[in-house]
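Trainee: This is the content of upload-v1.cif (mmCIF, C-alpha atoms):
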data_data
#
loop_
_atom_site.label_atom_id
_atom_site.label_comp_id
_atom_site.auth_asym_id
_atom_site.auth_seq_id
_atom_site.Cartn_x
_atom_site.Cartn_y
_atom_site.Cartn_z
CA MET A 1207 2.30 -22.15 20.45
CA THR A 1208 -0.20 -20.85 17.90
CA GLU A 1209 0.83 -19.05 14.70
CA LYS A 1210 -0.66 -15.84 16.11
CA GLU A 1211 1.40 -16.12 19.30
CA ARG A 1212 4.45 -16.82 17.16
CA LEU A 1213 3.79 -13.70 15.09
CA LEU A 1214 3.17 -11.47 18.12
CA ASP A 1215 6.30 -12.79 19.85
CA HIS A 1216 8.29 -12.20 16.69
CA LEU A 1217 7.17 -8.57 16.62
CA PHE A 1218 7.37 -7.79 20.32
CA VAL A 1219 9.99 -10.08 21.88
CA HIS A 1220 12.95 -8.60 20.04
CA LYS A 1221 15.65 -7.22 22.30
CA ASP A 1222 17.24 -4.98 19.64
CA ARG A 1223 14.04 -3.77 17.95
CA GLU A 1224 11.09 -1.68 19.08
CA HIS A 1225 7.95 -2.34 17.07
CA VAL A 1226 6.26 0.85 15.80
CA ASN A 1227 3.53 -0.16 13.33
CA ILE A 1228 2.41 -3.00 11.10
CA LYS A 1229 -0.28 -3.19 8.43
CA PHE A 1230 -1.38 -5.96 6.09
CA PHE A 1231 -3.06 -6.28 2.73
CA ARG A 1232 -5.01 -9.31 1.55
CA ALA A 1233 -6.07 -9.54 -2.08
CA ALA A 1234 -9.60 -10.63 -2.90
CA SER A 1235 -10.48 -11.24 0.73
CA ASP A 1236 -14.14 -11.65 -0.18
CA PHE A 1237 -13.40 -14.65 -2.36
CA LYS A 1238 -11.14 -16.76 -0.18
CA SER A 1239 -11.86 -17.02 3.50
CA ALA A 1240 -8.98 -17.58 5.86
CA SER A 1241 -8.72 -18.39 9.53
CA VAL A 1242 -6.58 -16.32 11.88
CA GLU A 1243 -4.10 -19.20 12.04
CA GLU A 1244 -3.85 -19.51 8.23
CA PHE A 1245 -3.35 -15.78 7.92
CA CYS A 1246 -0.71 -15.63 10.68
CA GLU A 1247 1.13 -18.63 9.23
CA ALA A 1248 1.36 -16.78 5.90
CA VAL A 1249 2.59 -13.58 7.61
CA ASN A 1250 5.16 -15.56 9.64
CA ASN A 1251 6.37 -17.16 6.41
CA ALA A 1252 6.69 -13.76 4.69
CA LEU A 1253 8.60 -12.27 7.65
CA LEU A 1254 10.86 -15.34 7.77
CA GLN A 1255 11.76 -14.75 4.11
CA VAL A 1256 12.62 -11.13 4.98
CA ASP A 1257 14.50 -11.73 8.24
CA SER A 1258 16.45 -14.76 6.98
CA GLY A 1259 17.72 -12.91 3.92
CA VAL A 1260 15.92 -15.18 1.45
CA ALA A 1261 14.11 -12.07 0.20
CA LYS A 1262 16.72 -9.48 -0.74
CA PRO A 1263 16.21 -5.87 0.39
CA MET A 1264 15.80 -3.24 -2.33
CA SER A 1265 16.33 0.45 -1.63
CA GLU A 1266 14.07 1.39 -4.57
CA PHE A 1267 10.90 -0.18 -5.86
CA PRO A 1268 11.79 -1.62 -9.29
CA GLU A 1269 9.95 0.23 -12.06
CA ALA A 1270 11.05 0.48 -15.68
CA PHE A 1271 8.86 2.86 -17.64
CA THR A 1272 8.74 6.44 -18.81
CA SER A 1273 5.96 8.72 -17.61
CA VAL A 1274 4.14 10.66 -20.34
CA ASP A 1275 2.23 13.93 -20.10
CA ILE A 1276 -1.53 13.71 -20.52
CA ASP A 1277 -1.36 16.16 -23.48
CA LYS A 1278 0.54 13.56 -25.51
CA ILE A 1279 -2.03 10.93 -24.60
CA ILE A 1280 -4.88 13.23 -25.68
CA ALA A 1281 -3.13 13.96 -28.98
CA ALA A 1282 -2.64 10.26 -29.66
CA ALA A 1283 -6.16 9.12 -28.72
CA MET B 1253 -3.58 9.86 8.80
CA LEU B 1254 -1.18 12.74 9.37
CA GLY B 1255 -0.70 14.99 6.35
CA ALA B 1256 -2.73 12.68 4.17
CA MET B 1257 -4.68 15.53 2.58
CA ASN B 1258 -1.40 17.21 1.74
CA ILE B 1259 -0.15 14.25 -0.24
CA TYR B 1260 -3.46 13.88 -2.11
CA GLU B 1261 -3.49 17.61 -2.86
CA PHE B 1262 0.08 17.38 -4.09
CA PHE B 1263 -0.65 14.56 -6.53
CA ALA B 1264 -4.09 15.86 -7.60
CA THR B 1265 -2.51 18.26 -10.09
CA PHE B 1266 -0.15 15.70 -11.65
CA THR B 1267 -0.70 15.17 -15.36
CA LYS B 1268 2.14 12.73 -16.12
CA LEU B 1269 1.33 9.03 -16.08
CA PRO B 1270 2.18 6.53 -14.72
CA ILE B 1271 3.03 7.98 -11.33
CA ARG B 1272 6.29 6.46 -10.14
CA ILE B 1273 6.47 4.91 -6.68
CA ASP B 1274 9.75 6.80 -6.18
CA THR B 1275 7.82 10.04 -6.68
CA VAL B 1276 5.44 9.01 -3.89
CA VAL B 1277 8.44 8.35 -1.65
CA GLU B 1278 9.97 11.74 -2.52
CA GLN B 1279 6.75 13.45 -1.46
CA LEU B 1280 6.60 11.45 1.78
CA ARG B 1281 10.19 12.54 2.47
CA SER B 1282 9.28 16.17 1.86
CA MET B 1283 6.49 15.73 4.41
CA GLY B 1284 8.99 14.67 7.04
CA VAL B 1285 9.08 10.88 6.71
CA VAL B 1286 12.66 10.04 7.64
CA VAL B 1287 12.58 6.25 8.01
CA ASP B 1288 14.91 4.07 6.00
CA ILE B 1289 12.66 2.30 3.47
CA ARG B 1290 13.43 -1.19 2.15
CA TYR B 1291 11.31 -3.20 -0.28
CA PHE B 1292 11.09 -7.00 -0.20
CA GLU B 1293 9.47 -9.27 -2.76
CA VAL B 1294 8.34 -12.48 -1.05
CA ASP B 1295 6.71 -15.67 -2.23
CA THR B 1296 3.27 -15.64 -0.61
CA ASP B 1297 -0.30 -16.36 -1.66
CA PRO B 1298 -1.61 -12.79 -2.15
CA SER B 1299 -5.13 -13.83 -1.16
CA LEU B 1300 -3.65 -14.47 2.30
CA VAL B 1301 -0.87 -11.86 2.41
CA GLY B 1302 -0.42 -9.53 -0.55
CA GLY B 1303 1.47 -6.80 1.29
CA ILE B 1304 2.89 -5.85 4.67
CA CYS B 1305 4.17 -2.56 6.03
CA ARG B 1306 6.37 -3.15 9.08
CA VAL B 1307 7.98 -0.23 10.88
CA TYR B 1308 10.39 -0.58 13.79
CA ARG B 1309 13.20 1.19 15.56
CA SER B 1310 16.46 -0.48 16.30
CA LYS B 1311 19.78 0.43 17.87
CA PRO B 1312 22.54 -1.72 16.46
CA CYS B 1313 25.23 -2.68 19.00
CA TYR B 1314 27.87 -0.79 17.00
CA SER B 1315 25.86 2.44 16.92
CA VAL B 1316 24.80 5.04 19.44
CA ASP B 1317 21.98 6.26 17.20
CA GLU B 1318 18.52 4.79 16.98
CA HIS B 1319 17.57 3.68 13.51
CA ALA B 1320 14.01 3.72 12.10
CA ARG B 1321 13.30 1.19 9.37
CA ALA B 1322 10.19 0.63 7.22
CA GLU B 1323 9.88 -2.65 5.38
CA ILE B 1324 7.47 -2.69 2.46
CA ILE B 1325 6.86 -6.35 1.71
CA TYR B 1326 4.80 -7.49 -1.28
CA SER B 1327 3.87 -10.78 -2.88
CA GLY B 1328 5.87 -11.55 -6.00
CA ARG B 1329 2.81 -13.41 -7.28
CA LEU B 1330 0.92 -10.13 -7.74
CA PRO B 1331 0.87 -8.67 -11.26
CA GLU B 1332 2.89 -5.46 -11.72
CA ASP B 1333 -0.14 -3.15 -11.63
CA TRP B 1334 -1.36 -4.72 -8.38
CA ARG B 1335 2.13 -4.50 -6.87
CA ARG B 1336 2.16 -0.74 -7.51
CA VAL B 1337 -1.19 -0.22 -5.81
CA VAL B 1338 -0.26 -2.44 -2.84
CA VAL B 1339 3.17 -0.82 -2.39
CA CYS B 1340 1.65 2.69 -2.64
CA LYS B 1341 -0.99 1.72 -0.06
CA GLU B 1342 1.67 0.34 2.28
CA LEU B 1343 3.85 3.45 1.86
CA LEU B 1344 0.92 5.65 2.89
CA HIS B 1345 1.03 3.92 6.29
CA LEU B 1346 4.25 5.81 6.95
CA ILE B 1347 2.05 8.84 7.66
CA ASP B 1348 -0.39 6.96 9.90
CA GLY B 1349 -1.47 8.94 12.91
CA ASP B 1350 -1.16 7.41 16.39
CA GLU B 1351 -4.80 6.31 16.39
CA GLU B 1352 -4.30 4.41 13.11
CA MET B 1353 -1.14 2.55 14.10
CA ALA B 1354 -0.98 -1.04 15.28
CA ARG B 1355 1.72 -0.26 17.81
CA THR B 1356 0.96 -2.37 20.88
CA ARG B 1357 0.63 -6.14 21.14
CA GLU B 1358 -3.11 -5.71 21.79
CA GLN B 1359 -3.56 -3.46 18.73
CA VAL B 1360 -1.74 -5.93 16.45
CA ASP B 1361 -3.82 -8.78 17.92
CA GLN B 1362 -6.99 -6.79 17.13
CA LEU B 1363 -5.76 -6.02 13.59
CA ILE B 1364 -5.10 -9.72 12.97
CA GLU B 1365 -8.61 -10.65 14.12
CA GLU B 1366 -10.11 -7.96 11.86
CA ILE B 1367 -8.06 -8.67 8.73
CA VAL B 1368 -9.75 -12.05 8.25
CA ILE B 1369 -13.22 -10.46 8.30
CA PRO B 1370 -14.62 -10.38 4.72
CA GLN B 1371 -14.44 -6.89 3.21
CA SER B 1372 -18.19 -6.65 2.64
CA LEU B 1373 -18.83 -7.25 6.34
CA ALA B 1374 -15.92 -5.11 7.56
CA LYS B 1375 -17.37 -2.05 5.79
CA SER B 1376 -20.09 -1.85 8.43
CA LEU B 1377 -17.75 -2.37 11.38
CA PRO B 1378 -15.52 0.15 13.14
CA THR B 1379 -12.19 -1.62 12.64
CA ARG B 1380 -8.49 -0.78 12.79
CA SER B 1381 -8.10 -2.63 9.51
CA ASP B 1382 -7.71 -0.15 6.63
CA LYS B 1383 -10.04 -1.46 3.95
CA SER B 1384 -9.97 1.97 2.25
CA GLY B 1385 -6.20 2.00 1.89
CA LEU B 1386 -6.29 0.84 -1.73
CA LEU B 1387 -8.62 3.68 -2.66
CA ASN B 1388 -6.21 6.15 -1.07
CA ALA B 1389 -3.49 4.66 -3.29
CA LEU B 1390 -5.79 5.15 -6.29
CA LYS B 1391 -6.08 8.87 -5.49
CA ILE B 1392 -2.31 9.08 -5.95
CA LEU B 1393 -1.71 6.68 -8.85
CA LEU B 1394 -4.55 8.16 -10.94
CA PRO B 1395 -4.44 11.84 -9.99
CA ARG B 1396 -7.51 14.04 -10.24
CA ASP B 1397 -6.40 16.33 -13.08
CA ALA B 1398 -5.14 13.46 -15.25
CA LEU B 1399 -8.37 11.57 -14.54
CA VAL B 1400 -10.49 14.53 -15.70
CA ASP B 1401 -8.84 14.41 -19.13
CA LEU B 1402 -8.92 10.62 -19.34
CA ALA B 1403 -12.59 10.51 -18.31
CA LYS B 1404 -13.39 12.99 -21.09
CA LEU B 1405 -11.58 10.82 -23.64
CA HIS B 1406 -13.39 7.75 -22.30
CA HIS B 1407 -16.76 9.53 -22.46
CA GLU B 1408 -16.02 10.41 -26.10
CA LYS B 1409 -15.22 6.70 -26.63
CA ARG B 1410 -11.68 7.56 -27.72
CA ILE B 1411 -10.11 5.34 -25.03
CA SER B 1412 -11.29 2.26 -23.11
CA VAL B 1413 -11.16 1.34 -19.43
CA HIS B 1414 -8.29 -0.99 -20.36
CA ASP B 1415 -6.45 2.02 -21.89
CA VAL B 1416 -6.88 4.02 -18.68
CA ALA B 1417 -5.55 1.10 -16.62
CA THR B 1418 -2.57 0.69 -18.96
CA LEU B 1419 -1.71 4.41 -18.98
CA ALA B 1420 -1.83 4.67 -15.17
CA LYS B 1421 -0.40 1.14 -14.63
CA ILE B 1422 -3.19 0.22 -12.24
CA PRO B 1423 -5.50 -2.83 -12.19
CA GLU B 1424 -8.45 -2.55 -14.59
CA PRO B 1425 -11.13 -2.75 -11.84
CA PHE B 1426 -9.55 0.35 -10.26
CA ALA B 1427 -9.63 2.20 -13.60
CA ALA B 1428 -13.29 1.22 -14.06
CA PHE B 1429 -14.14 2.48 -10.57
CA ALA B 1430 -12.18 5.70 -11.14
CA LEU B 1431 -14.44 6.49 -14.13
CA THR B 1432 -17.64 6.33 -12.06
CA PRO B 1433 -19.49 9.45 -10.82
CA LEU B 1434 -18.99 8.19 -7.23
CA TRP B 1435 -15.21 8.35 -7.56
CA ARG B 1436 -15.44 11.74 -9.26
CA ARG B 1437 -17.29 13.08 -6.21
CA ILE B 1438 -14.57 11.64 -3.93
CA VAL B 1439 -11.67 13.22 -5.85
CA ASP B 1440 -13.56 16.50 -6.26
CA GLY B 1441 -13.33 16.69 -2.48
CA ILE B 1442 -9.55 17.03 -2.81
CA ASN B 1443 -8.99 20.74 -2.94
#
In structure tokens, how does this file's structure come out?

Mentor:
Amino acid sequence: MTEKERLLDHLFVHKDREHVNIKFFRAASDFKSASVEEFCEAVNNALLQVDSGVAKPMSEFPEAFTSVDIDKIIAAA
Amino acid sequence: MLGAMNIYEFFATFTKLPIRIDTVVEQLRSMGVVVDIRYFEVDTDPSLVGGICRVYRSKPCYSVDEHARAEIIYSGRLPEDWRRVVVCKELLHLIDGDEEMARTREQVDQLIEEIVIPQSLAKSLPTRSDKSGLLNALKILLPRDALVDLAKLHHEKRISVHDVATLAKIPEPFAAFALTPLWRRIVDGIN
């Protein structure tokens, strides 16, 4: 079984889930070429981390900063 | 993308920086996005997989109700500013129209084949892969009205590109691009 087949089976052969949508992002894709198999292996690994519980779910994206109005930025510049 | 112009219009008038990801989620919710959103930080090489948006429906055995879940997965190896852009880009997929979704096995197969095409080549091809997704995230994380003021300060040499990136918490190449006349024409199209 190829990594792509493994990924597609993982998404579509799930008796208690109905797949709706999936999208991917690759950083700097112009600088590092990747084969379909390399890419799918990386996606399978990421989904394994999620589905196995190794990666913990967060209900909020962690951000620790205070937003500042542009007027204060202008005054300080 | 359903309602995409609405979300860009909404953020265009924002003048507080940085824009919080939670604020983006609040706006998506107000537009009718009802899925349960969960974020996951994974250990992946971001040049292979920097982010994933996976949406599915499930019906747990103990429940009679169907449950819609969106998983926003990002590489923990990305710097904070890149994480914000990637997560914002992935969240925007929650308003994908039917024609933009990778819903069937064949559509996901096609997306996989396209995602490995270098960006420079993909620009000239009609693909399902969303190479412009990051720029859509930029429209939100560096809103038009805030950018107008920052561009003026930059033009007067009172702040640098690095300052703009720091204030908006976005990667410096995005801040540099946002200060170009080309980007100005793009955001001026947001009414």

Trainee: Take the PyMOL selection byres ((chain A) within 8 of (chain B)), apply it to the structure above, and return the hits as a VMD selection string.

Mentor: chain A and resid 1210 1214 1218 1222 to 1236 1238 to 1242 1244 to 1246 1248 to 1249 1251 to 1252 1255 to 1256 1261 to 1267 1269 1272 to 1276 1280 1283

Trainee: Could you give me, as a VMD selection string, the residues that have an atom at most 12 Å away from the point (-9.5, -0.2, -11.9) in the coordinates of the file, using all atoms listed in the file?

Mentor: chain B and resid 1333 to 1334 1337 1386 to 1387 1389 to 1391 1393 to 1394 1412 to 1432 1435

Trainee: To one decimal place in Å, what is the distance between atom CA of B:Ala1264 and atom CA of B:Val1276?

Mentor: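 Separation of atom CA of B:Ala1264 and atom CA of B:Val1276: 12.3 Å.
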
Trainee: For the atom pair atom CA of B:Val1316 and atom CA of B:Ser1282, what is the interatomic distance in Å to one decimal place?

Mentor: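 That distance, rounded to one decimal, is 26.0 Å.
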
Trainee: Please indicate the distance in Å from atom CA of A:Asp1277 to atom CA of B:Gly1441, rounded to one decimal place.

Mentor: 24.2 Å
